[in-house]
>>> print(open('structure.csv').read())   # CSV, C-alpha atoms and all ligand atoms
chain,number,residue,atom,x,y,z
A,1,MET,CA,-276.5,-10.6,-5.3
A,2,LYS,CA,-278.2,-7.4,-6.4
A,3,LYS,CA,-279.3,-6.5,-2.9
A,4,TYR,CA,-275.7,-6.2,-1.8
A,5,LEU,CA,-274.8,-3.9,-4.7
A,6,VAL,CA,-276.5,-0.8,-3.4
A,7,PRO,CA,-274.9,-0.9,0.1
A,8,VAL,CA,-271.5,-1.7,-1.4
A,9,LEU,CA,-271.8,1.1,-3.8
A,10,THR,CA,-273.0,3.4,-1.0
A,11,ILE,CA,-269.9,2.5,1.1
A,12,LEU,CA,-267.7,3.1,-1.9
A,13,ILE,CA,-269.2,6.5,-2.6
A,14,VAL,CA,-269.3,7.6,1.0
A,15,GLY,CA,-265.7,6.3,1.4
A,16,LEU,CA,-264.5,8.2,-1.6
A,17,SER,CA,-266.3,11.4,-0.7
A,18,SER,CA,-264.9,11.4,2.8
A,19,LEU,CA,-261.4,11.0,1.3
A,20,ALA,CA,-262.0,14.0,-0.9
A,21,MET,CA,-263.5,15.8,2.1
A,22,ALA,CA,-262.4,19.3,3.0
A,23,ALA,CA,-264.4,22.1,4.6
A,24,GLY,CA,-267.3,23.3,2.5
A,25,ASN,CA,-267.6,20.4,0.1
A,26,GLY,CA,-271.3,19.8,0.5
A,27,ALA,CA,-271.0,16.2,1.8
A,28,GLY,CA,-272.7,16.8,5.1
A,29,ILE,CA,-271.9,18.3,8.5
A,30,LEU,CA,-269.2,15.7,9.4
A,31,ASN,CA,-265.8,17.4,9.1
A,32,SER,CA,-267.5,20.6,7.9
A,33,PRO,CA,-266.9,24.0,9.5
A,34,HIS,CA,-269.8,23.3,11.8
A,35,ASP,CA,-268.5,20.0,13.1
A,36,PHE,CA,-267.4,20.9,16.6
A,37,SER,CA,-267.2,17.4,17.9
A,38,ALA,CA,-263.4,17.7,18.4
A,39,ALA,CA,-263.4,21.4,19.6
A,40,ALA,CA,-261.7,22.1,22.8
A,41,TRP,CA,-264.8,24.0,24.0
A,42,ASN,CA,-267.1,21.0,23.4
A,43,SER,CA,-266.6,18.3,26.0
A,44,THR,CA,-269.5,16.1,24.7
A,45,GLY,CA,-267.7,14.9,21.6
A,46,GLU,CA,-271.1,15.3,19.7
A,47,ILE,CA,-271.9,17.3,16.6
A,48,CYS,CA,-275.6,18.4,16.8
A,49,VAL,CA,-275.6,19.2,20.5
A,50,THR,CA,-273.9,22.6,20.2
A,51,CYS,CA,-277.0,23.8,18.3
A,52,HIS,CA,-279.9,21.3,18.9
A,53,THR,CA,-281.0,18.9,21.7
A,54,PRO,CA,-283.7,16.2,21.7
A,55,HIS,CA,-284.7,17.2,25.2
A,56,ASP,CA,-284.7,20.7,26.7
A,57,GLY,CA,-281.1,21.4,27.9
A,58,GLY,CA,-282.3,24.2,30.1
A,59,ARG,CA,-281.5,27.0,27.8
A,60,ALA,CA,-284.1,29.7,27.4
A,61,SER,CA,-283.3,29.7,23.7
A,62,ASN,CA,-285.4,26.5,23.4
A,63,ALA,CA,-288.4,28.8,22.9
A,64,ALA,CA,-286.8,29.9,19.6
A,65,GLY,CA,-287.8,26.6,18.0
A,66,MET,CA,-285.5,24.1,16.1
A,67,LEU,CA,-284.9,22.5,19.6
A,68,TRP,CA,-282.3,25.2,19.9
A,69,ASN,CA,-279.7,24.5,22.6
A,70,HIS,CA,-277.4,27.5,22.3
A,71,ASP,CA,-277.7,30.9,24.1
A,72,LEU,CA,-278.9,33.7,21.8
A,73,SER,CA,-277.3,37.1,21.5
A,74,ALA,CA,-278.8,39.9,23.5
A,75,ALA,CA,-277.4,42.6,21.1
A,76,THR,CA,-279.5,45.3,19.4
A,77,TYR,CA,-278.9,45.6,15.7
A,78,THR,CA,-279.4,48.4,13.1
A,79,MET,CA,-281.3,46.8,10.3
A,80,TYR,CA,-281.1,47.2,6.5
A,81,ASP,CA,-284.6,48.5,6.0
A,82,SER,CA,-286.7,51.1,4.3
A,83,ALA,CA,-285.2,53.9,6.4
A,84,LEU,CA,-282.0,53.2,4.4
A,85,SER,CA,-283.4,52.3,1.0
A,86,SER,CA,-286.4,53.8,-0.9
A,87,SER,CA,-286.4,50.8,-3.3
A,88,LEU,CA,-286.9,48.1,-0.7
A,89,ASP,CA,-290.2,46.4,-1.2
A,90,GLY,CA,-290.3,43.5,1.4
A,91,ALA,CA,-291.3,44.1,5.0
A,92,VAL,CA,-288.3,43.9,7.3
A,93,ASP,CA,-288.6,42.9,11.0
A,94,ALA,CA,-287.5,45.4,13.6
A,95,GLN,CA,-284.7,43.1,14.8
A,96,PRO,CA,-283.3,39.8,13.3
A,97,THR,CA,-285.8,36.9,13.7
A,98,GLY,CA,-286.1,33.2,13.1
A,99,VAL,CA,-283.0,31.5,11.6
A,100,ALA,CA,-281.0,34.7,11.5
A,101,LYS,CA,-281.3,34.9,15.3
A,102,LEU,CA,-279.9,31.3,15.5
A,103,CYS,CA,-276.9,32.1,13.3
A,104,LEU,CA,-276.2,35.4,15.2
A,105,ALA,CA,-276.1,33.3,18.4
A,106,CYS,CA,-272.5,32.6,17.3
A,107,HIS,CA,-271.7,34.9,14.4
A,108,ASP,CA,-272.1,38.3,16.0
A,109,GLY,CA,-269.1,37.4,18.2
A,110,THR,CA,-270.9,38.5,21.5
A,111,VAL,CA,-271.8,35.0,22.7
A,112,ALA,CA,-269.4,32.3,24.0
A,113,LEU,CA,-269.4,29.2,21.8
A,114,GLU,CA,-269.6,26.9,24.8
A,115,ALA,CA,-272.9,28.5,26.0
A,116,PHE,CA,-274.9,25.5,25.1
A,117,GLY,CA,-276.6,22.5,26.7
A,118,LYS,CA,-275.9,22.0,30.4
A,119,ASN,CA,-272.6,24.0,30.3
A,120,THR,CA,-272.5,26.4,33.2
A,121,ALA,CA,-268.8,27.1,33.4
A,122,VAL,CA,-268.8,29.3,30.3
A,123,THR,CA,-265.6,31.1,29.4
A,124,THR,CA,-265.3,33.7,26.7
A,125,THR,CA,-264.4,31.6,23.7
A,126,SER,CA,-266.3,33.3,20.8
A,127,VAL,CA,-266.4,32.7,17.1
A,128,PRO,CA,-263.0,33.4,15.5
A,129,THR,CA,-262.7,36.9,14.1
A,130,TYR,CA,-262.4,35.6,10.6
A,131,ALA,CA,-265.8,33.9,10.9
A,132,GLU,CA,-267.6,37.0,12.3
A,133,ILE,CA,-269.9,38.7,9.9
A,134,PRO,CA,-267.6,41.3,8.2
A,135,ARG,CA,-267.8,44.7,9.8
A,136,LEU,CA,-270.8,43.9,11.9
A,137,ASP,CA,-269.3,45.1,15.1
A,138,ASP,CA,-268.8,48.8,14.4
A,139,ASN,CA,-267.8,50.4,17.6
A,140,GLY,CA,-270.1,48.2,19.7
A,141,ASN,CA,-273.1,48.9,17.4
A,142,GLU,CA,-274.2,45.7,15.8
A,143,ASP,CA,-274.7,47.3,12.4
A,144,LEU,CA,-276.4,45.1,9.7
A,145,ARG,CA,-276.7,48.0,7.2
A,146,GLY,CA,-273.5,46.6,5.5
A,147,THR,CA,-275.0,43.1,5.3
A,148,HIS,CA,-277.4,41.9,2.7
A,149,PRO,CA,-281.0,42.4,4.0
A,150,ILE,CA,-282.2,39.6,6.3
A,151,SER,CA,-285.4,38.9,8.2
A,152,ILE,CA,-287.1,40.4,5.1
A,153,VAL,CA,-290.2,39.1,3.2
A,154,TYR,CA,-289.2,37.7,-0.2
A,155,ASP,CA,-291.8,39.8,-2.0
A,156,ASP,CA,-291.7,38.7,-5.6
A,157,VAL,CA,-295.1,40.3,-6.2
A,158,ALA,CA,-294.2,43.8,-5.2
A,159,ASP,CA,-290.6,43.5,-6.6
A,160,VAL,CA,-290.9,42.4,-10.2
A,161,ASN,CA,-287.1,42.1,-10.4
A,162,LEU,CA,-287.1,39.2,-8.0
A,163,ASN,CA,-287.3,35.7,-9.6
A,164,ILE,CA,-290.4,33.8,-8.6
A,165,ALA,CA,-289.7,31.9,-5.3
A,166,ALA,CA,-292.1,29.1,-5.9
A,167,SER,CA,-290.6,28.0,-9.2
A,168,THR,CA,-286.9,29.2,-9.4
A,169,PRO,CA,-284.3,26.6,-8.5
A,170,ILE,CA,-281.5,27.5,-6.1
A,171,GLY,CA,-278.5,25.1,-6.5
A,172,THR,CA,-279.4,21.6,-5.3
A,173,SER,CA,-281.6,23.0,-2.5
A,174,GLY,CA,-285.0,22.9,-4.4
A,175,VAL,CA,-286.6,26.2,-5.2
A,176,ILE,CA,-286.1,29.5,-3.5
A,177,ALA,CA,-289.3,29.1,-1.5
A,178,ASP,CA,-287.7,26.0,0.1
A,179,VAL,CA,-284.9,28.1,1.7
A,180,LEU,CA,-287.1,30.8,3.0
A,181,ASP,CA,-288.1,31.0,6.7
A,182,VAL,CA,-291.5,31.2,8.4
A,183,GLY,CA,-293.6,33.9,6.7
A,184,GLY,CA,-291.6,33.6,3.4
A,185,LYS,CA,-288.6,35.5,4.9
A,186,LEU,CA,-285.1,35.6,3.5
A,187,GLN,CA,-282.6,34.7,6.2
A,188,CYS,CA,-278.9,33.6,6.4
A,189,HIS,CA,-279.8,30.0,5.5
A,190,SER,CA,-281.3,31.3,2.2
A,191,CYS,CA,-277.7,31.7,0.9
A,192,HIS,CA,-275.8,29.5,3.3
A,193,ASP,CA,-276.2,25.8,4.2
A,194,VAL,CA,-275.3,25.4,7.9
A,195,HIS,CA,-275.2,21.6,7.6
A,196,ASP,CA,-273.0,21.7,4.4
A,197,GLN,CA,-275.2,19.2,2.5
A,198,GLU,CA,-276.0,21.4,-0.4
A,199,ALA,CA,-273.1,23.9,-0.3
A,200,VAL,CA,-270.7,24.3,-3.2
A,201,ALA,CA,-267.1,23.3,-2.6
A,202,GLY,CA,-264.6,26.0,-1.9
A,203,THR,CA,-267.3,28.6,-0.9
A,204,ALA,CA,-268.4,30.0,2.4
A,205,LEU,CA,-271.1,27.2,2.6
A,206,LEU,CA,-273.0,28.9,-0.2
A,207,ARG,CA,-275.9,27.2,-1.9
A,208,VAL,CA,-274.8,28.5,-5.3
A,209,SER,CA,-271.2,29.6,-6.2
A,210,ASN,CA,-270.9,33.3,-6.6
A,211,ALA,CA,-268.6,33.0,-9.6
A,212,ALA,CA,-269.9,35.5,-12.2
A,213,SER,CA,-272.4,36.5,-9.4
A,214,ALA,CA,-274.4,33.3,-10.0
A,215,LEU,CA,-275.7,33.4,-6.4
A,216,CYS,CA,-277.0,37.0,-6.7
A,217,LEU,CA,-278.6,36.2,-10.1
A,218,THR,CA,-280.5,33.3,-8.7
A,219,CYS,CA,-282.8,35.7,-7.0
A,220,HIS,CA,-282.2,39.0,-8.7
A,221,LEU,CA,-283.4,39.6,-12.3
A,222,LYS,CA,-280.6,42.0,-13.3
B,1,LIG,C1,-273.8,25.1,14.1
B,1,LIG,C2,-275.2,24.9,14.4
B,1,LIG,C3,-275.8,23.6,13.9
B,1,LIG,C4,-275.4,22.3,14.0
B,1,LIG,C5,-274.1,21.9,14.6
B,1,LIG,C6,-276.4,21.5,13.5
B,1,LIG,N1,-277.5,22.2,13.1
B,1,LIG,FE1,-279.3,21.6,12.4
B,1,LIG,N2,-279.9,23.5,12.1
B,1,LIG,C7,-279.2,24.6,12.5
B,1,LIG,C8,-279.9,25.8,12.0
B,1,LIG,C9,-279.5,27.2,12.2
B,1,LIG,C10,-281.1,25.3,11.5
B,1,LIG,C11,-282.2,26.2,10.8
B,1,LIG,C12,-281.8,26.6,9.5
B,1,LIG,C13,-281.9,25.6,8.4
B,1,LIG,O1,-282.9,24.8,8.4
B,1,LIG,O2,-281.0,25.6,7.5
B,1,LIG,C14,-281.1,23.9,11.5
B,1,LIG,C15,-282.1,23.0,11.1
B,1,LIG,C16,-282.1,21.7,11.3
B,1,LIG,C17,-283.2,20.8,11.0
B,1,LIG,C18,-284.6,21.2,10.4
B,1,LIG,C19,-284.5,21.7,9.0
B,1,LIG,C20,-283.8,20.7,8.1
B,1,LIG,O3,-282.8,21.1,7.4
B,1,LIG,O4,-284.2,19.6,8.0
B,1,LIG,C21,-282.8,19.5,11.3
B,1,LIG,C22,-283.7,18.3,11.2
B,1,LIG,C23,-281.5,19.6,11.8
B,1,LIG,N3,-281.1,20.9,11.8
B,1,LIG,C24,-280.8,18.5,12.3
B,1,LIG,C25,-279.4,18.6,12.7
B,1,LIG,C26,-278.7,17.4,13.1
B,1,LIG,C27,-279.2,16.0,13.1
B,1,LIG,C28,-277.4,17.8,13.4
B,1,LIG,C29,-276.2,17.0,13.8
B,1,LIG,C30,-275.9,15.9,12.9
B,1,LIG,C31,-277.4,19.3,13.2
B,1,LIG,N4,-278.7,19.7,12.8
B,1,LIG,C32,-276.4,20.1,13.5
B,1,LIG,C33,-278.0,24.6,13.1
B,1,LIG,C34,-277.2,23.5,13.4
B,2,LIG,C1,-272.7,27.1,17.7
B,2,LIG,C2,-272.2,28.3,17.0
B,2,LIG,C3,-272.5,28.6,15.5
B,2,LIG,C4,-273.8,28.6,15.0
B,2,LIG,C5,-275.1,28.5,15.7
B,2,LIG,C6,-273.6,28.9,13.6
B,2,LIG,N1,-272.2,29.0,13.3
B,2,LIG,FE1,-271.4,29.3,11.5
B,2,LIG,N2,-269.5,29.0,12.3
B,2,LIG,C7,-269.3,28.9,13.7
B,2,LIG,C8,-267.8,28.8,13.9
B,2,LIG,C9,-267.1,28.7,15.2
B,2,LIG,C10,-267.2,28.9,12.6
B,2,LIG,C11,-265.7,28.9,12.2
B,2,LIG,C12,-265.3,27.5,12.0
B,2,LIG,C13,-263.9,27.4,11.7
B,2,LIG,O1,-263.0,27.8,12.5
B,2,LIG,O2,-263.6,27.0,10.5
B,2,LIG,C14,-268.3,29.0,11.6
B,2,LIG,C15,-268.2,29.2,10.3
B,2,LIG,C16,-269.2,29.6,9.4
B,2,LIG,C17,-269.0,30.0,8.0
B,2,LIG,C18,-267.6,30.1,7.3
B,2,LIG,C19,-267.3,28.8,6.6
B,2,LIG,C20,-266.1,28.9,5.7
B,2,LIG,O3,-265.7,27.9,5.2
B,2,LIG,O4,-265.6,30.0,5.6
B,2,LIG,C21,-270.2,30.4,7.5
B,2,LIG,C22,-270.5,30.9,6.2
B,2,LIG,C23,-271.1,30.2,8.6
B,2,LIG,N3,-270.5,29.7,9.7
B,2,LIG,C24,-272.5,30.5,8.5
B,2,LIG,C25,-273.4,30.2,9.5
B,2,LIG,C26,-274.9,30.3,9.3
B,2,LIG,C27,-275.5,30.9,8.0
B,2,LIG,C28,-275.5,29.9,10.4
B,2,LIG,C29,-276.9,29.8,10.7
B,2,LIG,C30,-277.8,29.1,9.7
B,2,LIG,C31,-274.4,29.5,11.4
B,2,LIG,N4,-273.2,29.7,10.7
B,2,LIG,C32,-274.6,29.1,12.7
B,2,LIG,C33,-270.2,28.8,14.7
B,2,LIG,C34,-271.6,28.8,14.5
B,3,LIG,C1,-277.8,37.1,0.0
B,3,LIG,C2,-277.0,36.1,0.4
B,3,LIG,C3,-276.4,36.1,1.8
B,3,LIG,C4,-277.1,36.2,3.0
B,3,LIG,C5,-278.6,36.5,3.2
B,3,LIG,C6,-276.1,36.1,4.0
B,3,LIG,N1,-274.9,35.8,3.5
B,3,LIG,FE1,-273.2,35.4,4.5
B,3,LIG,N2,-272.1,35.4,2.7
B,3,LIG,C7,-272.6,35.5,1.5
B,3,LIG,C8,-271.6,35.5,0.5
B,3,LIG,C9,-271.7,35.6,-1.0
B,3,LIG,C10,-270.4,35.3,1.2
B,3,LIG,C11,-269.0,35.2,0.7
B,3,LIG,C12,-268.4,36.5,0.2
B,3,LIG,C13,-268.1,37.3,1.3
B,3,LIG,O1,-267.3,36.9,2.2
B,3,LIG,O2,-268.5,38.5,1.3
B,3,LIG,C14,-270.7,35.3,2.6
B,3,LIG,C15,-269.8,35.1,3.7
B,3,LIG,C16,-270.2,34.8,5.0
B,3,LIG,C17,-269.3,34.4,6.1
B,3,LIG,C18,-267.8,34.2,5.9
B,3,LIG,C19,-267.0,35.4,6.1
B,3,LIG,C20,-265.6,35.1,5.8
B,3,LIG,O3,-264.9,36.1,5.7
B,3,LIG,O4,-265.2,34.0,5.8
B,3,LIG,C21,-270.1,34.3,7.2
B,3,LIG,C22,-269.6,33.8,8.6
B,3,LIG,C23,-271.4,34.6,6.8
B,3,LIG,N3,-271.5,34.9,5.5
B,3,LIG,C24,-272.5,34.5,7.7
B,3,LIG,C25,-273.7,35.0,7.4
B,3,LIG,C26,-274.8,35.1,8.4
B,3,LIG,C27,-274.7,34.8,9.9
B,3,LIG,C28,-275.9,35.6,7.8
B,3,LIG,C29,-277.2,36.1,8.4
B,3,LIG,C30,-277.1,37.1,9.4
B,3,LIG,C31,-275.5,35.8,6.4
B,3,LIG,N4,-274.2,35.4,6.2
B,3,LIG,C32,-276.4,36.2,5.4
B,3,LIG,C33,-274.0,35.6,1.2
B,3,LIG,C34,-275.0,35.8,2.1
B,4,LIG,C1,-282.1,34.0,-1.9
B,4,LIG,C2,-282.4,35.2,-2.7
B,4,LIG,C3,-281.4,36.3,-2.8
B,4,LIG,C4,-280.0,36.2,-3.1
B,4,LIG,C5,-279.2,34.9,-3.3
B,4,LIG,C6,-279.5,37.5,-3.1
B,4,LIG,N1,-280.5,38.4,-2.9
B,4,LIG,FE1,-280.3,40.4,-2.8
B,4,LIG,N2,-282.2,40.6,-2.1
B,4,LIG,C7,-283.1,39.6,-2.0
B,4,LIG,C8,-284.3,40.1,-1.6
B,4,LIG,C9,-285.6,39.3,-1.3
B,4,LIG,C10,-284.1,41.5,-1.3
B,4,LIG,C11,-285.2,42.5,-0.9
B,4,LIG,C12,-285.8,43.1,-2.1
B,4,LIG,C13,-286.9,44.1,-1.9
B,4,LIG,O1,-287.7,43.7,-1.0
B,4,LIG,O2,-287.0,45.1,-2.5
B,4,LIG,C14,-282.8,41.8,-1.7
B,4,LIG,C15,-282.2,43.0,-1.6
B,4,LIG,C16,-281.0,43.3,-2.1
B,4,LIG,C17,-280.4,44.7,-2.2
B,4,LIG,C18,-281.1,45.9,-1.7
B,4,LIG,C19,-282.1,46.4,-2.7
B,4,LIG,C20,-282.8,47.7,-2.2
B,4,LIG,O3,-283.8,48.0,-2.8
B,4,LIG,O4,-282.3,48.3,-1.2
B,4,LIG,C21,-279.2,44.6,-2.9
B,4,LIG,C22,-278.3,45.7,-3.3
B,4,LIG,C23,-279.0,43.2,-3.1
B,4,LIG,N3,-280.1,42.4,-2.7
B,4,LIG,C24,-277.9,42.6,-3.7
B,4,LIG,C25,-277.6,41.3,-3.8
B,4,LIG,C26,-276.3,40.8,-4.2
B,4,LIG,C27,-275.1,41.6,-4.6
B,4,LIG,C28,-276.4,39.4,-4.1
B,4,LIG,C29,-275.3,38.4,-4.3
B,4,LIG,C30,-274.2,38.5,-3.4
B,4,LIG,C31,-277.7,39.1,-3.6
B,4,LIG,N4,-278.4,40.3,-3.5
B,4,LIG,C32,-278.2,37.8,-3.4
B,4,LIG,C33,-282.9,38.3,-2.4
B,4,LIG,C34,-281.7,37.7,-2.7
>>> encode(input="structure.csv", output="structure tokens", more="lines below")
Ligand code: HEC
Ligand code: HEC
Ligand code: HEC
Ligand code: HEC
Amino acid sequence: MKKYLVPVLTILIVGLSSLAMAAGNGAGILNSPHDFSAAAWNSTGEICVTCHTPHDGGRASNAAGMLWNHDLSAATYTMYDSALSSSLDGAVDAQPTGVAKLCLACHDGTVALEAFGKNTAVTTTSVPTYAEIPRLDDNGNEDLRGTHPISIVYDDVADVNLNIAASTPIGTSGVIADVLDVGGKLQCHSCHDVHDQEAVAGTALLRVSNAASALCLTCHLK
């Protein structure tokens, strides 16, 4: 009898959570803002394929890692770096790198959403204006100075006002070190969960709600 209990409970829980499902509820990518299986611009009916592919889909972006299957942006950005702030401790890349580059493949609004996989007939459908990074496109200059620093080393040694990455929990995502990129870098996914597994309901896919600035206080000792 017992061995049926777990699957039955699982079905119940999964069933209940899909009933309660709305965008951004942390129950997984299905029906989340990044589930494009029913989007007019995605003829495959699949979810993962707009971003990943198990076999090279012929996009040069494959070299970016993560089996990436979507064209990257060719834009040049102005970074938030030490030229702007004398108090910045972490080293900043000259241009967005790693995971940030993957998010910007859609979120800077310059690349067509359907530029993935084997699609050749690509029209100009881009990310809806409301989902573009706020004020990034400032007269054609992709200006990241108004966006929290990204592609920056989380330097909790040089900056004593940063909580220790190796031991500080961040929501249900483990510790801060778990949401840093190659080289210990802070990127978009350090704050956002693209697959909506660990995101807090009612937020912009945030790993920690920002009520009373809880997200900010996860990393910043202020
Ligand atoms: C909208 C784009 C997008 C979609 C759709 C998407 N992913 Fe991802 N995925 C990413 C990005 C960006 C990363 C790297 C950042 C990260 O790990 O959070 C990633 C990382 C991953 C990783 C490695 C890191 C980890 O979290 O385990 C796996 C595995 C993965 N995705 C699987 C999937 C699967 C399976 C699907 C479909 C069910 C899927 N993804 C759908 C964008 C996407
Ligand atoms: C394949 C294109 C694509 C990629 C890659 C992608 N996104 Fe998105 N994202 C979208 C689109 C399109 C929407 C708007 C969906 C909608 O209309 O609700 C969106 C919505 C969002 C939202 C808003 C959710 C809300 O509820 O307001 C956030 C936050 C977000 N994405 C963050 C990210 C981050 C961070 C990454 C990288 C880790 C990423 N996205 C990668 C296409 C993409
Ligand atoms: C330090 C944490 C942090 C980082 C890093 C970060 N974001 Fe956000 N992001 C937020 C918060 C908090 C919000 C919600 C408040 C707001 O809209 O300003 C948000 C909102 C968004 C939205 C929704 C905007 C809207 O109006 O619905 C998108 C899309 C987004 N971020 C994408 C990105 C992308 C892409 C990156 C990387 C280039 C990124 N974010 C990096 C914290 C972050
Ligand atoms: C995942 C960890 C993380 C989260 C969450 C986070 N930050 Fe940061 N933040 C950093 C790191 C790392 C730096 C770079 C610090 C350095 O190198 O001096 C930084 C830099 C900054 C800076 C620039 C400091 C300077 O010296 O120029 C400001 C301002 C800031 N964050 C505000 C915020 C706010 C406001 C929030 C919440 C919306 C937030 N941060 C959320 C990690 C984080």
>>> residues_near_ligand(input="structure.csv", ligand="ligand LIG 4 (chain B)", cutoff="9 Å", atoms="all atoms listed in the file", output="JSON, numbers by chain")
{"A": [80, 81, 82, 84, 85, 86, 87, 88, 89, 90, 91, 92, 148, 149, 150, 152, 153, 154, 155, 156, 158, 159, 161, 162, 163, 165, 170, 176, 177, 179, 180, 185, 186, 187, 188, 189, 190, 191, 207, 208, 210, 213, 214, 215, 216, 217, 218, 219, 220]}
>>> closest_atom_pairs(input="structure.csv", of="chain A", to="ligand LIG 1 (chain B)", cutoff="9 Å", atoms="all atoms listed in the file", output="CSV")
residue,atom,partner,partner_atom,distance
A:Gly28,CA,B:LIG1,C30,8.5
A:Ile29,CA,B:LIG1,C30,6.4
A:Leu30,CA,B:LIG1,C30,7.6
A:Pro33,CA,B:LIG1,C1,8.4
A:His34,CA,B:LIG1,C1,5.0
A:Asp35,CA,B:LIG1,C5,6.1
A:Phe36,CA,B:LIG1,C5,7.1
A:Ser37,CA,B:LIG1,C5,8.9
A:Glu46,CA,B:LIG1,C29,8.0
A:Ile47,CA,B:LIG1,C29,5.1
A:Cys48,CA,B:LIG1,C29,3.4
A:Val49,CA,B:LIG1,C5,6.7
A:Thr50,CA,B:LIG1,C5,5.6
A:Cys51,CA,B:LIG1,C2,4.4
A:His52,CA,B:LIG1,N1,6.3
A:Met66,CA,B:LIG1,C15,6.1
A:Leu67,CA,B:LIG1,C16,8.8
A:Trp68,CA,B:LIG1,C7,8.0
A:His70,CA,B:LIG1,C2,8.6
A:Gly98,CA,B:LIG1,C11,8.3
A:Val99,CA,B:LIG1,C11,5.4
A:Ala100,CA,B:LIG1,C9,7.7
A:Lys101,CA,B:LIG1,C9,8.5
A:Leu102,CA,B:LIG1,C9,5.3
A:Cys103,CA,B:LIG1,C9,5.7
A:Cys106,CA,B:LIG1,C1,8.3
A:Val179,CA,B:LIG1,O2,7.4
A:Asp181,CA,B:LIG1,C12,8.2
A:Gln187,CA,B:LIG1,C12,8.8
A:Cys188,CA,B:LIG1,C12,8.2
A:His189,CA,B:LIG1,O2,5.0
A:Ser190,CA,B:LIG1,O2,7.8
A:His192,CA,B:LIG1,O2,7.7
A:Asp193,CA,B:LIG1,O2,5.8
A:Val194,CA,B:LIG1,O2,5.7
A:His195,CA,B:LIG1,N1,6.0
>>> write_last_selection(input="structure.csv", atoms="C-alpha atoms", output="compact mmCIF listing (two decimals), in the frame of the given file")
# COMPACT_ATOMS: atom_id res chain seq x y z
CA GLY A 28 -272.70 16.80 5.10
CA ILE A 29 -271.90 18.30 8.50
CA LEU A 30 -269.20 15.70 9.40
CA PRO A 33 -266.90 24.00 9.50
CA HIS A 34 -269.80 23.30 11.80
CA ASP A 35 -268.50 20.00 13.10
CA PHE A 36 -267.40 20.90 16.60
CA SER A 37 -267.20 17.40 17.90
CA GLU A 46 -271.10 15.30 19.70
CA ILE A 47 -271.90 17.30 16.60
CA CYS A 48 -275.60 18.40 16.80
CA VAL A 49 -275.60 19.20 20.50
CA THR A 50 -273.90 22.60 20.20
CA CYS A 51 -277.00 23.80 18.30
CA HIS A 52 -279.90 21.30 18.90
CA MET A 66 -285.50 24.10 16.10
CA LEU A 67 -284.90 22.50 19.60
CA TRP A 68 -282.30 25.20 19.90
CA HIS A 70 -277.40 27.50 22.30
CA GLY A 98 -286.10 33.20 13.10
CA VAL A 99 -283.00 31.50 11.60
CA ALA A 100 -281.00 34.70 11.50
CA LYS A 101 -281.30 34.90 15.30
CA LEU A 102 -279.90 31.30 15.50
CA CYS A 103 -276.90 32.10 13.30
CA CYS A 106 -272.50 32.60 17.30
CA VAL A 179 -284.90 28.10 1.70
CA ASP A 181 -288.10 31.00 6.70
CA GLN A 187 -282.60 34.70 6.20
CA CYS A 188 -278.90 33.60 6.40
CA HIS A 189 -279.80 30.00 5.50
CA SER A 190 -281.30 31.30 2.20
CA HIS A 192 -275.80 29.50 3.30
CA ASP A 193 -276.20 25.80 4.20
CA VAL A 194 -275.30 25.40 7.90
CA HIS A 195 -275.20 21.60 7.60
>>> atom_distance(input="structure.csv", atom1="atom N2 of ligand LIG 2 (chain B)", atom2="CA of Pro169 in chain A")
25.6 Å
>>> closest_residue(input="structure.csv", among="A:Val160, A:Gly26, A:Gly45, A:Ala39", to="Val127 in chain A", atoms="all atoms listed in the file")
A:Ala39
>>> closest_residue(input="structure.csv", among="A:Thr97, A:Thr124, A:Asn42, A:Ser173", to="ligand LIG 3 (chain B)", atoms="only C-alpha atoms and all ligand atoms")
A:Thr97
>>> closest_residue(input="structure.csv", among="A:Asp93, A:Asp56, A:Glu114, A:Glu198", to="ligand LIG 2 (chain B)", atoms="all atoms listed in the file")
A:Glu114
>>> closest_residue(input="structure.csv", among="A:Asp137, A:Asp178, A:Asp143, A:Asp108", to="ligand LIG 2 (chain B)", atoms="all atoms listed in the file")
A:Asp108
>>> atom_distance(input="structure.csv", atom1="CA of Asn119 in chain A", atom2="CA of Ala131 in chain A")
22.8 Å
>>> closest_residue(input="structure.csv", among="A:Thr76, A:Ser209, A:Thr129, A:Ser43", to="ligand LIG 2 (chain B)", atoms="all atoms listed in the file")
A:Thr129
>>> atom_distance(input="structure.csv", atom1="atom C16 of ligand LIG 3 (chain B)", atom2="CA of Thr203 in chain A")
9.0 Å
>>> closest_residue(input="structure.csv", among="A:Ala204, A:Gly171, A:Gly146, A:Lys222", to="ligand LIG 2 (chain B)", atoms="all atoms listed in the file")
A:Ala204
